[in-house]
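J.: Following this line is target05.txt, made up of compact mmCIF, C-alpha atoms:
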# COMPACT_ATOMS: atom_id res chain seq x y z
CA MET W 594 -136.34 -57.52 33.29
CA ARG W 595 -137.69 -61.00 32.50
CA VAL W 596 -141.44 -61.32 32.09
CA LEU W 597 -143.68 -64.37 31.64
CA GLY W 598 -146.80 -63.50 29.65
CA VAL W 599 -149.82 -65.76 30.06
CA ASP W 600 -152.78 -65.80 27.67
CA PRO W 601 -155.14 -67.85 29.84
CA GLY W 602 -157.41 -70.61 28.56
CA LEU W 603 -158.47 -74.10 29.61
CA THR W 604 -157.72 -75.80 26.29
CA ARG W 605 -154.70 -73.72 25.27
CA CYS W 606 -152.91 -71.45 27.73
CA GLY W 607 -150.32 -69.41 25.81
CA VAL W 608 -147.03 -68.80 27.65
CA GLY W 609 -144.12 -66.64 26.49
CA VAL W 610 -140.97 -65.35 28.21
CA VAL W 611 -139.32 -62.11 27.09
CA ASP W 612 -136.21 -60.31 28.38
CA GLY W 613 -135.97 -56.55 27.99
CA THR W 614 -136.17 -53.01 29.26
CA ALA W 615 -138.25 -50.13 27.92
CA GLY W 616 -136.34 -48.45 25.09
CA ARG W 617 -133.94 -51.36 24.43
CA PRO W 618 -134.23 -54.27 21.99
CA LEU W 619 -136.26 -57.22 23.31
CA ARG W 620 -135.27 -60.87 23.35
CA MET W 621 -137.56 -63.89 23.25
CA VAL W 622 -136.46 -66.51 25.78
CA ALA W 623 -139.14 -69.15 25.16
CA VAL W 624 -142.67 -69.58 23.92
CA GLY W 625 -145.19 -72.39 24.14
CA VAL W 626 -148.63 -73.54 25.10
CA VAL W 627 -149.91 -75.38 28.17
CA ARG W 628 -152.71 -77.66 26.98
CA THR W 629 -155.32 -79.66 28.87
CA PRO W 630 -157.66 -82.24 27.30
CA ALA W 631 -161.07 -80.82 26.39
CA ASP W 632 -162.79 -84.00 27.60
CA ALA W 633 -161.29 -83.83 31.12
CA GLU W 634 -163.25 -82.38 34.04
CA VAL W 635 -162.54 -78.72 34.91
CA PRO W 636 -160.89 -79.44 38.31
CA GLN W 637 -158.41 -81.84 36.64
CA ARG W 638 -157.75 -79.31 33.88
CA LEU W 639 -156.93 -76.65 36.48
CA VAL W 640 -154.43 -79.06 38.08
CA GLY W 641 -152.84 -79.54 34.63
CA ILE W 642 -152.58 -75.78 34.10
CA GLU W 643 -151.04 -75.31 37.54
CA ARG W 644 -148.43 -77.98 36.76
CA GLY W 645 -147.65 -76.37 33.40
CA ILE W 646 -147.30 -72.83 34.77
CA GLU W 647 -145.14 -74.07 37.65
CA GLU W 648 -142.79 -75.74 35.14
CA TRP W 649 -142.46 -72.47 33.18
CA LEU W 650 -141.79 -70.50 36.38
CA ASP W 651 -139.21 -73.07 37.56
CA GLU W 652 -137.41 -73.18 34.25
CA HIS W 653 -137.34 -69.49 33.34
CA ARG W 654 -137.48 -67.68 36.71
CA PRO W 655 -139.28 -64.53 35.50
CA GLU W 656 -139.27 -61.39 37.68
CA ALA W 657 -142.89 -60.58 36.84
CA VAL W 658 -145.93 -62.27 35.35
CA ALA W 659 -148.35 -60.51 32.99
CA VAL W 660 -151.79 -62.07 32.57
CA GLU W 661 -154.55 -61.04 30.20
CA ARG W 662 -157.38 -59.33 32.06
CA VAL W 663 -160.58 -61.26 31.44
CA PHE W 664 -163.85 -59.53 30.65
CA SER W 665 -167.19 -61.27 30.70
CA GLN W 666 -168.98 -59.46 27.89
CA HIS W 667 -168.04 -62.28 25.50
CA ASN W 668 -169.25 -65.86 25.23
CA VAL W 669 -170.36 -67.06 28.67
CA ARG W 670 -168.86 -70.57 28.61
CA THR W 671 -165.47 -69.49 27.26
CA VAL W 672 -165.18 -66.60 29.70
CA MET W 673 -165.67 -68.82 32.74
CA GLY W 674 -162.89 -71.15 31.59
CA THR W 675 -160.62 -68.20 30.87
CA ALA W 676 -161.32 -66.68 34.30
CA GLN W 677 -160.55 -70.00 35.98
CA ALA W 678 -157.30 -70.52 34.05
CA SER W 679 -156.20 -66.94 34.78
CA ALA W 680 -156.93 -67.45 38.48
CA VAL W 681 -154.53 -70.41 38.48
CA ALA W 682 -151.82 -68.38 36.70
CA MET W 683 -152.20 -65.47 39.16
CA LEU W 684 -152.16 -67.89 42.11
CA CYS W 685 -148.94 -69.61 40.95
CA ALA W 686 -147.16 -66.26 40.53
CA ALA W 687 -148.40 -64.62 43.73
CA ARG W 688 -147.58 -67.73 45.79
CA ARG W 689 -143.93 -67.18 44.80
CA GLY W 690 -144.10 -63.50 45.68
CA LEU W 691 -143.86 -62.47 42.02
CA PRO W 692 -145.62 -59.27 40.98
CA VAL W 693 -148.64 -59.97 38.75
CA ALA W 694 -149.94 -57.39 36.29
CA LEU W 695 -153.16 -57.62 34.34
CA HIS W 696 -153.38 -55.99 30.92
CA THR W 697 -156.53 -55.77 28.82
CA PRO W 698 -156.50 -57.11 25.25
CA SER W 699 -156.72 -53.56 23.89
CA GLU W 700 -153.81 -52.35 26.06
CA VAL W 701 -151.73 -55.22 24.67
CA LYS W 702 -152.74 -54.51 21.06
CA ALA W 703 -152.07 -50.79 21.48
CA ALA W 704 -148.66 -51.46 23.07
CA VAL W 705 -147.33 -53.69 20.29
CA SER W 706 -149.13 -52.29 17.24
CA GLY W 707 -150.13 -48.73 18.10
CA SER W 708 -153.84 -49.56 17.79
CA GLY W 709 -156.15 -51.04 20.43
CA ARG W 710 -158.25 -52.50 17.63
CA ALA W 711 -155.47 -54.38 15.81
CA ASP W 712 -156.40 -57.89 14.67
CA LYS W 713 -154.68 -61.18 15.59
CA ALA W 714 -152.53 -61.23 12.43
CA GLN W 715 -151.30 -57.66 13.02
CA VAL W 716 -150.34 -58.46 16.63
CA ALA W 717 -148.53 -61.64 15.51
CA ALA W 718 -146.69 -59.68 12.78
CA MET W 719 -145.52 -57.03 15.27
CA VAL W 720 -144.44 -59.65 17.82
CA THR W 721 -142.41 -61.37 15.08
CA ARG W 722 -140.76 -58.06 14.12
CA LEU W 723 -140.12 -56.80 17.68
CA LEU W 724 -138.53 -60.09 18.75
CA ARG W 725 -136.73 -60.52 15.39
CA LEU W 726 -138.18 -64.00 14.82
CA ASP W 727 -138.04 -65.87 11.50
CA ALA W 728 -141.77 -66.65 11.52
CA PRO W 729 -144.82 -65.72 13.61
CA PRO W 730 -145.12 -67.89 16.73
CA ARG W 731 -147.85 -70.56 16.49
CA PRO W 732 -150.53 -71.04 17.72
CA ALA W 733 -152.03 -67.54 18.09
CA ASP W 734 -152.25 -67.98 21.88
CA ALA W 735 -148.45 -68.26 22.00
CA ALA W 736 -148.04 -64.99 20.05
CA ASP W 737 -150.53 -63.30 22.38
CA ALA W 738 -148.55 -64.45 25.42
CA LEU W 739 -145.40 -62.84 23.98
CA ALA W 740 -147.37 -59.66 23.20
CA LEU W 741 -148.49 -59.57 26.85
CA ALA W 742 -144.90 -59.87 28.06
CA ILE W 743 -143.77 -57.08 25.69
CA CYS W 744 -146.69 -54.88 26.77
CA HIS W 745 -145.67 -55.39 30.38
CA ILE W 746 -142.01 -54.54 29.79
CA TRP W 747 -143.04 -51.30 28.11
CA ARG W 748 -145.79 -50.33 30.56
CA ALA W 749 -143.94 -51.38 33.75
CA PRO W 750 -142.00 -48.11 34.29
CA ALA W 751 -145.20 -46.03 34.12
CA LEU W 752 -147.14 -48.52 36.29
CA ASN W 753 -144.36 -48.49 38.90
CA ARG W 754 -144.33 -44.68 39.07
CA LEU W 755 -148.10 -44.75 39.54
CA GLN W 756 -147.89 -47.29 42.36
CA GLN W 757 -145.09 -45.35 44.09
CA ALA W 758 -147.13 -42.16 43.88
CA ARG W 759 -150.12 -43.98 45.38
CA ARG W 760 -148.01 -45.43 48.20
CA LEU W 761 -146.48 -42.03 48.96
CA HIS W 762 -149.92 -40.49 48.94
CA SER W 763 -151.43 -43.05 51.32
CA ALA W 764 -148.36 -42.88 53.62
CA LYS W 765 -148.69 -39.12 53.92
CA GLY W 766 -152.45 -39.24 54.13
CA PRO W 767 -154.78 -37.29 51.89
CA VAL W 768 -153.84 -33.72 51.01
CA ARG W 769 -156.17 -31.28 52.78
CA MET F 1385 -169.66 -89.69 53.67
CA ARG F 1386 -168.00 -86.40 54.67
CA VAL F 1387 -168.45 -83.47 52.30
CA LEU F 1388 -166.93 -79.98 52.27
CA GLY F 1389 -169.29 -77.47 50.68
CA VAL F 1390 -167.76 -74.29 49.27
CA ASP F 1391 -169.77 -71.18 48.39
CA PRO F 1392 -167.04 -69.37 46.46
CA GLY F 1393 -166.31 -65.64 46.73
CA LEU F 1394 -163.27 -63.37 46.99
CA THR F 1395 -164.45 -61.42 50.03
CA ARG F 1396 -166.30 -64.22 51.79
CA CYS F 1397 -165.88 -67.85 50.80
CA GLY F 1398 -168.40 -69.94 52.77
CA VAL F 1399 -167.16 -73.36 53.91
CA GLY F 1400 -169.15 -76.08 55.67
CA VAL F 1401 -168.47 -79.72 56.46
CA VAL F 1402 -171.33 -82.23 56.80
CA ASP F 1403 -171.29 -85.96 57.57
CA GLY F 1404 -174.12 -88.11 56.27
CA THR F 1405 -175.63 -90.60 53.86
CA ALA F 1406 -178.78 -90.25 51.78
CA GLY F 1407 -181.78 -91.28 53.88
CA ARG F 1408 -180.02 -90.92 57.26
CA PRO F 1409 -179.82 -87.93 59.65
CA LEU F 1410 -177.09 -85.44 58.82
CA ARG F 1411 -174.46 -84.03 61.16
CA MET F 1412 -172.71 -80.68 60.88
CA VAL F 1413 -168.98 -81.04 61.54
CA ALA F 1414 -167.88 -77.41 61.10
CA VAL F 1415 -168.87 -74.20 59.38
CA GLY F 1416 -167.05 -70.95 58.69
CA VAL F 1417 -165.92 -68.36 56.21
CA VAL F 1418 -162.57 -67.81 54.49
CA ARG F 1419 -162.17 -64.05 54.12
CA THR F 1420 -159.71 -61.96 52.14
CA PRO F 1421 -159.32 -58.17 52.43
CA ALA F 1422 -161.30 -56.26 49.78
CA ASP F 1423 -158.43 -53.78 49.34
CA ALA F 1424 -155.84 -56.48 48.50
CA GLU F 1425 -154.91 -57.31 44.89
CA VAL F 1426 -156.70 -60.30 43.33
CA PRO F 1427 -153.57 -62.53 43.07
CA GLN F 1428 -152.89 -62.08 46.83
CA ARG F 1429 -156.55 -62.75 47.61
CA LEU F 1430 -156.39 -66.02 45.66
CA VAL F 1431 -153.34 -67.05 47.70
CA GLY F 1432 -155.36 -66.31 50.87
CA ILE F 1433 -158.27 -68.42 49.65
CA GLU F 1434 -155.94 -71.29 48.76
CA ARG F 1435 -154.42 -71.17 52.25
CA GLY F 1436 -157.88 -71.13 53.86
CA ILE F 1437 -159.26 -74.03 51.79
CA GLU F 1438 -156.09 -76.07 52.42
CA GLU F 1439 -156.56 -75.58 56.19
CA TRP F 1440 -160.16 -76.81 55.97
CA LEU F 1441 -159.11 -79.85 53.91
CA ASP F 1442 -156.25 -80.64 56.31
CA GLU F 1443 -158.39 -80.33 59.40
CA HIS F 1444 -161.56 -82.09 58.27
CA ARG F 1445 -160.37 -84.57 55.61
CA PRO F 1446 -163.58 -84.62 53.51
CA GLU F 1447 -164.14 -87.42 50.98
CA ALA F 1448 -165.66 -85.06 48.43
CA VAL F 1449 -165.90 -81.32 47.77
CA ALA F 1450 -169.06 -79.64 46.47
CA VAL F 1451 -168.65 -76.21 44.89
CA GLU F 1452 -171.37 -73.87 43.67
CA ARG F 1453 -171.47 -73.78 39.88
CA VAL F 1454 -170.92 -70.19 38.77
CA PHE F 1455 -173.02 -68.60 36.04
CA SER F 1456 -172.12 -65.34 34.39
CA GLN F 1457 -175.57 -63.91 33.75
CA HIS F 1458 -175.31 -61.83 36.93
CA ASN F 1459 -173.16 -58.83 37.82
CA VAL F 1460 -169.96 -58.93 35.74
CA ARG F 1461 -167.44 -57.90 38.43
CA THR F 1462 -168.84 -60.22 41.11
CA VAL F 1463 -169.00 -63.17 38.72
CA MET F 1464 -165.33 -62.93 37.78
CA GLY F 1465 -164.30 -62.96 41.45
CA THR F 1466 -166.61 -65.89 42.13
CA ALA F 1467 -165.23 -67.83 39.14
CA GLN F 1468 -161.65 -67.18 40.31
CA ALA F 1469 -162.37 -68.23 43.91
CA SER F 1470 -164.19 -71.37 42.71
CA ALA F 1471 -161.21 -72.24 40.48
CA VAL F 1472 -158.94 -72.17 43.55
CA ALA F 1473 -161.35 -74.38 45.53
CA MET F 1474 -161.59 -76.90 42.66
CA LEU F 1475 -157.79 -76.87 42.24
CA CYS F 1476 -157.13 -77.54 45.95
CA ALA F 1477 -159.54 -80.50 45.95
CA ALA F 1478 -158.46 -82.04 42.63
CA ARG F 1479 -154.77 -81.72 43.57
CA ARG F 1480 -155.49 -84.10 46.48
CA GLY F 1481 -157.40 -86.49 44.24
CA LEU F 1482 -160.72 -85.62 45.87
CA PRO F 1483 -163.84 -85.80 43.69
CA VAL F 1484 -165.27 -82.34 42.99
CA ALA F 1485 -168.95 -81.84 42.18
CA LEU F 1486 -170.55 -78.65 40.98
CA HIS F 1487 -174.15 -77.91 41.88
CA THR F 1488 -176.14 -74.95 40.62
CA PRO F 1489 -177.84 -72.60 43.11
CA SER F 1490 -181.27 -73.90 42.07
CA GLU F 1491 -180.21 -77.55 42.49
CA VAL F 1492 -179.05 -76.68 46.01
CA LYS F 1493 -182.24 -74.80 46.84
CA ALA F 1494 -184.40 -77.60 45.44
CA ALA F 1495 -182.43 -80.23 47.38
CA VAL F 1496 -182.81 -78.61 50.80
CA SER F 1497 -186.16 -76.83 50.48
CA GLY F 1498 -188.04 -78.61 47.71
CA SER F 1499 -188.10 -75.46 45.56
CA GLY F 1500 -185.42 -74.21 43.16
CA ARG F 1501 -186.67 -70.67 43.76
CA ALA F 1502 -186.44 -70.66 47.57
CA ASP F 1503 -184.96 -67.48 49.07
CA LYS F 1504 -181.88 -67.17 51.29
CA ALA F 1505 -183.92 -67.18 54.53
CA GLN F 1506 -185.79 -70.34 53.51
CA VAL F 1507 -182.53 -72.14 52.67
CA ALA F 1508 -180.99 -71.05 56.00
CA ALA F 1509 -184.11 -72.22 57.88
CA MET F 1510 -183.98 -75.65 56.22
CA VAL F 1511 -180.24 -76.01 56.84
CA THR F 1512 -180.85 -75.18 60.51
CA ARG F 1513 -183.62 -77.77 60.75
CA LEU F 1514 -181.85 -80.54 58.77
CA LEU F 1515 -178.65 -80.20 60.83
CA ARG F 1516 -180.62 -79.68 64.08
CA LEU F 1517 -178.81 -76.42 64.88
CA ASP F 1518 -179.92 -73.96 67.57
CA ALA F 1519 -179.74 -70.97 65.21
CA PRO F 1520 -179.21 -70.37 61.48
CA PRO F 1521 -175.49 -70.29 60.60
CA ARG F 1522 -174.12 -66.78 59.95
CA PRO F 1523 -173.16 -65.20 57.58
CA ALA F 1524 -175.44 -66.39 54.75
CA ASP F 1525 -172.41 -67.71 52.78
CA ALA F 1526 -171.76 -70.18 55.62
CA ALA F 1527 -175.36 -71.46 55.47
CA ASP F 1528 -175.06 -71.78 51.67
CA ALA F 1529 -171.88 -73.84 52.03
CA LEU F 1530 -173.70 -76.26 54.36
CA ALA F 1531 -176.63 -76.42 51.91
CA LEU F 1532 -174.16 -77.35 49.14
CA ALA F 1533 -172.71 -80.15 51.25
CA ILE F 1534 -176.22 -81.48 52.07
CA CYS F 1535 -177.23 -81.24 48.40
CA HIS F 1536 -174.16 -83.25 47.47
CA ILE F 1537 -174.79 -85.98 50.05
CA TRP F 1538 -178.33 -86.41 48.74
CA ARG F 1539 -177.48 -86.18 45.03
CA ALA F 1540 -174.27 -88.27 45.16
CA PRO F 1541 -175.89 -91.74 44.83
CA ALA F 1542 -177.78 -90.66 41.67
CA LEU F 1543 -174.71 -88.88 40.23
CA ASN F 1544 -172.55 -91.97 40.86
CA ARG F 1545 -175.04 -94.26 39.09
CA LEU F 1546 -175.07 -91.86 36.15
CA GLN F 1547 -171.25 -91.79 35.93
CA GLN F 1548 -171.05 -95.60 36.14
CA ALA F 1549 -173.62 -95.94 33.37
CA ARG F 1550 -171.62 -93.50 31.21
CA ARG F 1551 -168.36 -95.35 31.84
CA LEU F 1552 -169.97 -98.71 31.03
CA HIS F 1553 -171.47 -97.21 27.89
CA SER F 1554 -168.20 -95.75 26.64
CA ALA F 1555 -166.27 -98.96 27.49
CA LYS F 1556 -168.71 -101.05 25.46
CA GLY F 1557 -168.94 -98.49 22.71
CA PRO F 1558 -172.19 -97.03 21.45
CA VAL F 1559 -175.16 -99.37 21.08
CA ARG F 1560 -176.00 -99.96 17.41
Would you mind giving the structure from this file in structure tokens?
T.:
Amino acid sequence: MRVLGVDPGLTRCGVGVVDGTAGRPLRMVAVGVVRTPADAEVPQRLVGIERGIEEWLDEHRPEAVAVERVFSQHNVRTVMGTAQASAVAMLCAARRGLPVALHTPSEVKAAVSGSGRADKAQVAAMVTRLLRLDAPPRPADAADALALAICHIWRAPALNRLQQARRLHSAKGPVR
Amino acid sequence: MRVLGVDPGLTRCGVGVVDGTAGRPLRMVAVGVVRTPADAEVPQRLVGIERGIEEWLDEHRPEAVAVERVFSQHNVRTVMGTAQASAVAMLCAARRGLPVALHTPSEVKAAVSGSGRADKAQVAAMVTRLLRLDAPPRPADAADALALAICHIWRAPALNRLQQARRLHSAKGPVR
């Protein structure tokens, strides 16, 4: 299974592609950052992000896309930009018929480090170890994108079973 | 000047096209709502909104797009959906090279009714009067989209002068 992880942001959108299956060693395919100039207008920045994500999808042909789920309890300005960038990532994936999964930051941290409260350095260290890299990926957004992809590869079997159960349930109608 | 106003939302995205110039009577070209099913996943809903906005742009060829500026002080869940839908609207417009302007709800209310604290009914009544319609447009999101377009037509000359002044200023460098 090949997954593109996207850590959304207007200034730096982390992107990372990982190959793997739950229970088998993982392989990093590529990692990078889609950047847009901070002094550009938001609509133009969204066009830049769309172009960047499309290039990553074209080049690496992932089977699924994992995007960080955005919450709005943080800084107001940042959150709006993050929500907008994540909308573009979801749109690009869904337009191609690719499944899109959203994982919260604590789900990602828990998946790669065992703790939902792990800090950035801990997540980067685990990503480096799990993908057998020589050094932690830079910048942090790139490491987070890889962590998202890993989280998705490991959570996908459970998520799929859940979805199948739901589909079966709604096909049969509620149990009386 | 032909403007497409977009009142962004995942469930109902209001869209309205108005022709006009500041100081002259306005004309409504079309009004409607782009809807996506509440039980669909967000990525699929964003694809639906993109398709809808593209149809409106293709059919009515506006020269500018006015989108409501989203704030996140309101309900968290609603705001994320609104930010995502507005990102798609901005993307569709900017991809075609159309200028995109964001207006806050109070700027729109002040433009059409004279008060930034006007209620929904007051805005709808003024939109009906200004566009010489027989009845207020329904649903409310459609009336809001028309109000956005009107606000843009009336604010555009001032906004353009401001942008020109800024460009001139930055070309000449700061005054010492």
J.: Considering only C-alpha atoms, can you say which of W:Asp651, W:Glu661, W:Glu634, W:Asp737 comes closest to chain F?
T.: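 Closest residue, counting only C-alpha atoms: W:Glu634.
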J.: Given identical sequences, can you show me chain W least-squares superposed on chain F via all its Cα atoms in order, as a compact mmCIF listing (two decimals) with C-alpha atoms, in the frame of the given file?
T.:
# COMPACT_ATOMS: atom_id res chain seq x y z
CA MET W 594 -169.67 -89.70 53.63
CA ARG W 595 -168.00 -86.42 54.63
CA VAL W 596 -168.46 -83.49 52.28
CA LEU W 597 -166.94 -80.00 52.26
CA GLY W 598 -169.29 -77.48 50.66
CA VAL W 599 -167.76 -74.29 49.27
CA ASP W 600 -169.77 -71.18 48.41
CA PRO W 601 -167.04 -69.35 46.48
CA GLY W 602 -166.31 -65.64 46.75
CA LEU W 603 -163.28 -63.37 46.99
CA THR W 604 -164.44 -61.42 50.04
CA ARG W 605 -166.29 -64.22 51.83
CA CYS W 606 -165.88 -67.86 50.81
CA GLY W 607 -168.39 -69.94 52.78
CA VAL W 608 -167.14 -73.37 53.92
CA GLY W 609 -169.15 -76.08 55.67
CA VAL W 610 -168.47 -79.75 56.46
CA VAL W 611 -171.32 -82.24 56.79
CA ASP W 612 -171.30 -85.98 57.56
CA GLY W 613 -174.12 -88.14 56.25
CA THR W 614 -175.65 -90.61 53.86
CA ALA W 615 -178.80 -90.25 51.77
CA GLY W 616 -181.79 -91.26 53.89
CA ARG W 617 -180.04 -90.92 57.27
CA PRO W 618 -179.84 -87.95 59.65
CA LEU W 619 -177.08 -85.46 58.81
CA ARG W 620 -174.45 -84.05 61.14
CA MET W 621 -172.70 -80.70 60.88
CA VAL W 622 -168.97 -81.07 61.52
CA ALA W 623 -167.89 -77.44 61.09
CA VAL W 624 -168.85 -74.22 59.38
CA GLY W 625 -167.03 -70.98 58.70
CA VAL W 626 -165.91 -68.40 56.23
CA VAL W 627 -162.56 -67.84 54.51
CA ARG W 628 -162.15 -64.07 54.13
CA THR W 629 -159.69 -61.99 52.14
CA PRO W 630 -159.30 -58.20 52.43
CA ALA W 631 -161.28 -56.28 49.81
CA ASP W 632 -158.41 -53.81 49.35
CA ALA W 633 -155.83 -56.51 48.51
CA GLU W 634 -154.91 -57.32 44.91
CA VAL W 635 -156.71 -60.30 43.32
CA PRO W 636 -153.59 -62.54 43.05
CA GLN W 637 -152.90 -62.10 46.80
CA ARG W 638 -156.56 -62.77 47.59
CA LEU W 639 -156.41 -66.03 45.63
CA VAL W 640 -153.35 -67.06 47.67
CA GLY W 641 -155.35 -66.33 50.85
CA ILE W 642 -158.28 -68.44 49.64
CA GLU W 643 -155.95 -71.30 48.73
CA ARG W 644 -154.42 -71.20 52.22
CA GLY W 645 -157.87 -71.15 53.83
CA ILE W 646 -159.27 -74.05 51.78
CA GLU W 647 -156.11 -76.10 52.38
CA GLU W 648 -156.55 -75.61 56.15
CA TRP W 649 -160.16 -76.85 55.96
CA LEU W 650 -159.13 -79.88 53.87
CA ASP W 651 -156.25 -80.68 56.27
CA GLU W 652 -158.38 -80.37 59.36
CA HIS W 653 -161.56 -82.14 58.24
CA ARG W 654 -160.37 -84.59 55.55
CA PRO W 655 -163.58 -84.64 53.48
CA GLU W 656 -164.15 -87.43 50.93
CA ALA W 657 -165.69 -85.05 48.40
CA VAL W 658 -165.92 -81.33 47.74
CA ALA W 659 -169.08 -79.64 46.44
CA VAL W 660 -168.67 -76.20 44.88
CA GLU W 661 -171.37 -73.85 43.67
CA ARG W 662 -171.49 -73.73 39.88
CA VAL W 663 -170.95 -70.16 38.75
CA PHE W 664 -173.04 -68.57 36.03
CA SER W 665 -172.16 -65.30 34.37
CA GLN W 666 -175.61 -63.87 33.74
CA HIS W 667 -175.31 -61.81 36.94
CA ASN W 668 -173.19 -58.80 37.81
CA VAL W 669 -169.99 -58.89 35.74
CA ARG W 670 -167.48 -57.86 38.42
CA THR W 671 -168.85 -60.20 41.10
CA VAL W 672 -169.03 -63.15 38.73
CA MET W 673 -165.37 -62.90 37.77
CA GLY W 674 -164.32 -62.94 41.43
CA THR W 675 -166.62 -65.87 42.13
CA ALA W 676 -165.25 -67.81 39.14
CA GLN W 677 -161.69 -67.17 40.30
CA ALA W 678 -162.40 -68.22 43.90
CA SER W 679 -164.20 -71.37 42.70
CA ALA W 680 -161.25 -72.23 40.46
CA VAL W 681 -158.98 -72.16 43.52
CA ALA W 682 -161.38 -74.39 45.50
CA MET W 683 -161.63 -76.91 42.63
CA LEU W 684 -157.84 -76.86 42.19
CA CYS W 685 -157.17 -77.55 45.90
CA ALA W 686 -159.58 -80.51 45.91
CA ALA W 687 -158.51 -82.04 42.60
CA ARG W 688 -154.82 -81.73 43.50
CA ARG W 689 -155.53 -84.10 46.41
CA GLY W 690 -157.43 -86.50 44.18
CA LEU W 691 -160.75 -85.62 45.82
CA PRO W 692 -163.87 -85.80 43.66
CA VAL W 693 -165.32 -82.33 42.96
CA ALA W 694 -168.99 -81.83 42.16
CA LEU W 695 -170.57 -78.62 40.96
CA HIS W 696 -174.18 -77.88 41.87
CA THR W 697 -176.18 -74.91 40.60
CA PRO W 698 -177.84 -72.56 43.10
CA SER W 699 -181.27 -73.85 42.07
CA GLU W 700 -180.23 -77.51 42.49
CA VAL W 701 -179.06 -76.65 46.01
CA LYS W 702 -182.26 -74.75 46.86
CA ALA W 703 -184.42 -77.55 45.46
CA ALA W 704 -182.47 -80.20 47.39
CA VAL W 705 -182.81 -78.58 50.81
CA SER W 706 -186.16 -76.79 50.49
CA GLY W 707 -188.08 -78.54 47.72
CA SER W 708 -188.11 -75.39 45.57
CA GLY W 709 -185.43 -74.14 43.18
CA ARG W 710 -186.68 -70.61 43.78
CA ALA W 711 -186.42 -70.61 47.59
CA ASP W 712 -184.94 -67.44 49.09
CA LYS W 713 -181.85 -67.13 51.32
CA ALA W 714 -183.88 -67.16 54.56
CA GLN W 715 -185.76 -70.32 53.55
CA VAL W 716 -182.51 -72.13 52.70
CA ALA W 717 -180.96 -71.03 56.02
CA ALA W 718 -184.08 -72.20 57.91
CA MET W 719 -183.97 -75.64 56.26
CA VAL W 720 -180.23 -76.01 56.87
CA THR W 721 -180.82 -75.18 60.55
CA ARG W 722 -183.61 -77.78 60.77
CA LEU W 723 -181.83 -80.54 58.79
CA LEU W 724 -178.65 -80.21 60.85
CA ARG W 725 -180.60 -79.68 64.11
CA LEU W 726 -178.78 -76.43 64.92
CA ASP W 727 -179.89 -73.96 67.61
CA ALA W 728 -179.72 -70.97 65.25
CA PRO W 729 -179.16 -70.36 61.53
CA PRO W 730 -175.46 -70.30 60.64
CA ARG W 731 -174.09 -66.79 59.99
CA PRO W 732 -173.14 -65.23 57.62
CA ALA W 733 -175.42 -66.39 54.77
CA ASP W 734 -172.41 -67.69 52.81
CA ALA W 735 -171.74 -70.18 55.62
CA ALA W 736 -175.34 -71.47 55.48
CA ASP W 737 -175.07 -71.79 51.70
CA ALA W 738 -171.88 -73.84 52.05
CA LEU W 739 -173.70 -76.27 54.36
CA ALA W 740 -176.64 -76.41 51.92
CA LEU W 741 -174.17 -77.33 49.15
CA ALA W 742 -172.73 -80.15 51.25
CA ILE W 743 -176.23 -81.47 52.06
CA CYS W 744 -177.25 -81.23 48.40
CA HIS W 745 -174.19 -83.25 47.46
CA ILE W 746 -174.82 -85.98 50.04
CA TRP W 747 -178.35 -86.39 48.73
CA ARG W 748 -177.53 -86.17 45.02
CA ALA W 749 -174.32 -88.26 45.15
CA PRO W 750 -175.96 -91.71 44.80
CA ALA W 751 -177.83 -90.65 41.65
CA LEU W 752 -174.76 -88.86 40.22
CA ASN W 753 -172.61 -91.94 40.84
CA ARG W 754 -175.09 -94.24 39.07
CA LEU W 755 -175.09 -91.83 36.12
CA GLN W 756 -171.30 -91.77 35.93
CA GLN W 757 -171.08 -95.58 36.17
CA ALA W 758 -173.62 -95.93 33.38
CA ARG W 759 -171.60 -93.51 31.25
CA ARG W 760 -168.36 -95.38 31.94
CA LEU W 761 -169.97 -98.73 31.12
CA HIS W 762 -171.40 -97.26 27.95
CA SER W 763 -168.08 -95.81 26.76
CA ALA W 764 -166.22 -99.04 27.69
CA LYS W 765 -168.61 -101.12 25.61
CA GLY W 766 -168.76 -98.57 22.83
CA PRO W 767 -171.95 -97.10 21.46
CA VAL W 768 -174.93 -99.41 21.00
CA ARG W 769 -175.56 -100.02 17.29
J.: Please identify every residue of chain W that has at least one atom no more than 9 Å from any atom of chain F, counting all atoms listed in the file, and report them as JSON, numbers by chain.
T.: {"W": [635, 636, 637, 638, 639, 640, 643, 663, 664, 665, 666, 669, 670, 672, 673, 674, 676, 677, 678, 679, 680, 681, 682, 683, 684, 685, 686, 687, 688, 690, 692, 693]}
J.: Do you have the atom CA of W:His696-atom CA of W:Arg662 distance handy?
T.: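 Taking atom CA of W:His696 as the start and atom CA of W:Arg662 as the end point, the length is 5.3 Å.
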J.: For W:Ala738, which of W:Pro750, W:Glu700, W:Glu652, W:Gly609 is the closest residue, counting all atoms listed in the file?
T.: W:Gly609
J.: Applying 12 Å and all atoms listed in the file, which residues near stretch 710-718 of chain W remain after dropping the ones on its own chain fewer than 4 positions away? List them as a ChimeraX atom specification.
T.: /W:697-706,722-741,743-744
J.: Ranking W:Val596, W:Leu619, W:Leu650, W:Val624 by minimum distance to W:His745 and counting only C-alpha atoms, which one comes first?
T.: W:Val596
J.: Which of these, F:Ala1450, F:Val1418, F:Gln1547, F:Pro1392, has the shortest distance to F:Thr1462 once you count all atoms listed in the file?
T.: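 Of F:Ala1450, F:Val1418, F:Gln1547, F:Pro1392, the one nearest F:Thr1462, counting all atoms listed in the file, is F:Pro1392.
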J.: For stretch 647-652 of chain W, I'd like the enclosing box, axis-aligned and padded by 5 Å on every side, reported as lines of an AutoDock Vina configuration file with centre and edge lengths in Å to one decimal.
T.:
center_x = -141.3
center_y = -73.1
center_z = 35.4
size_x = 17.7
size_y = 15.2
size_z = 14.5
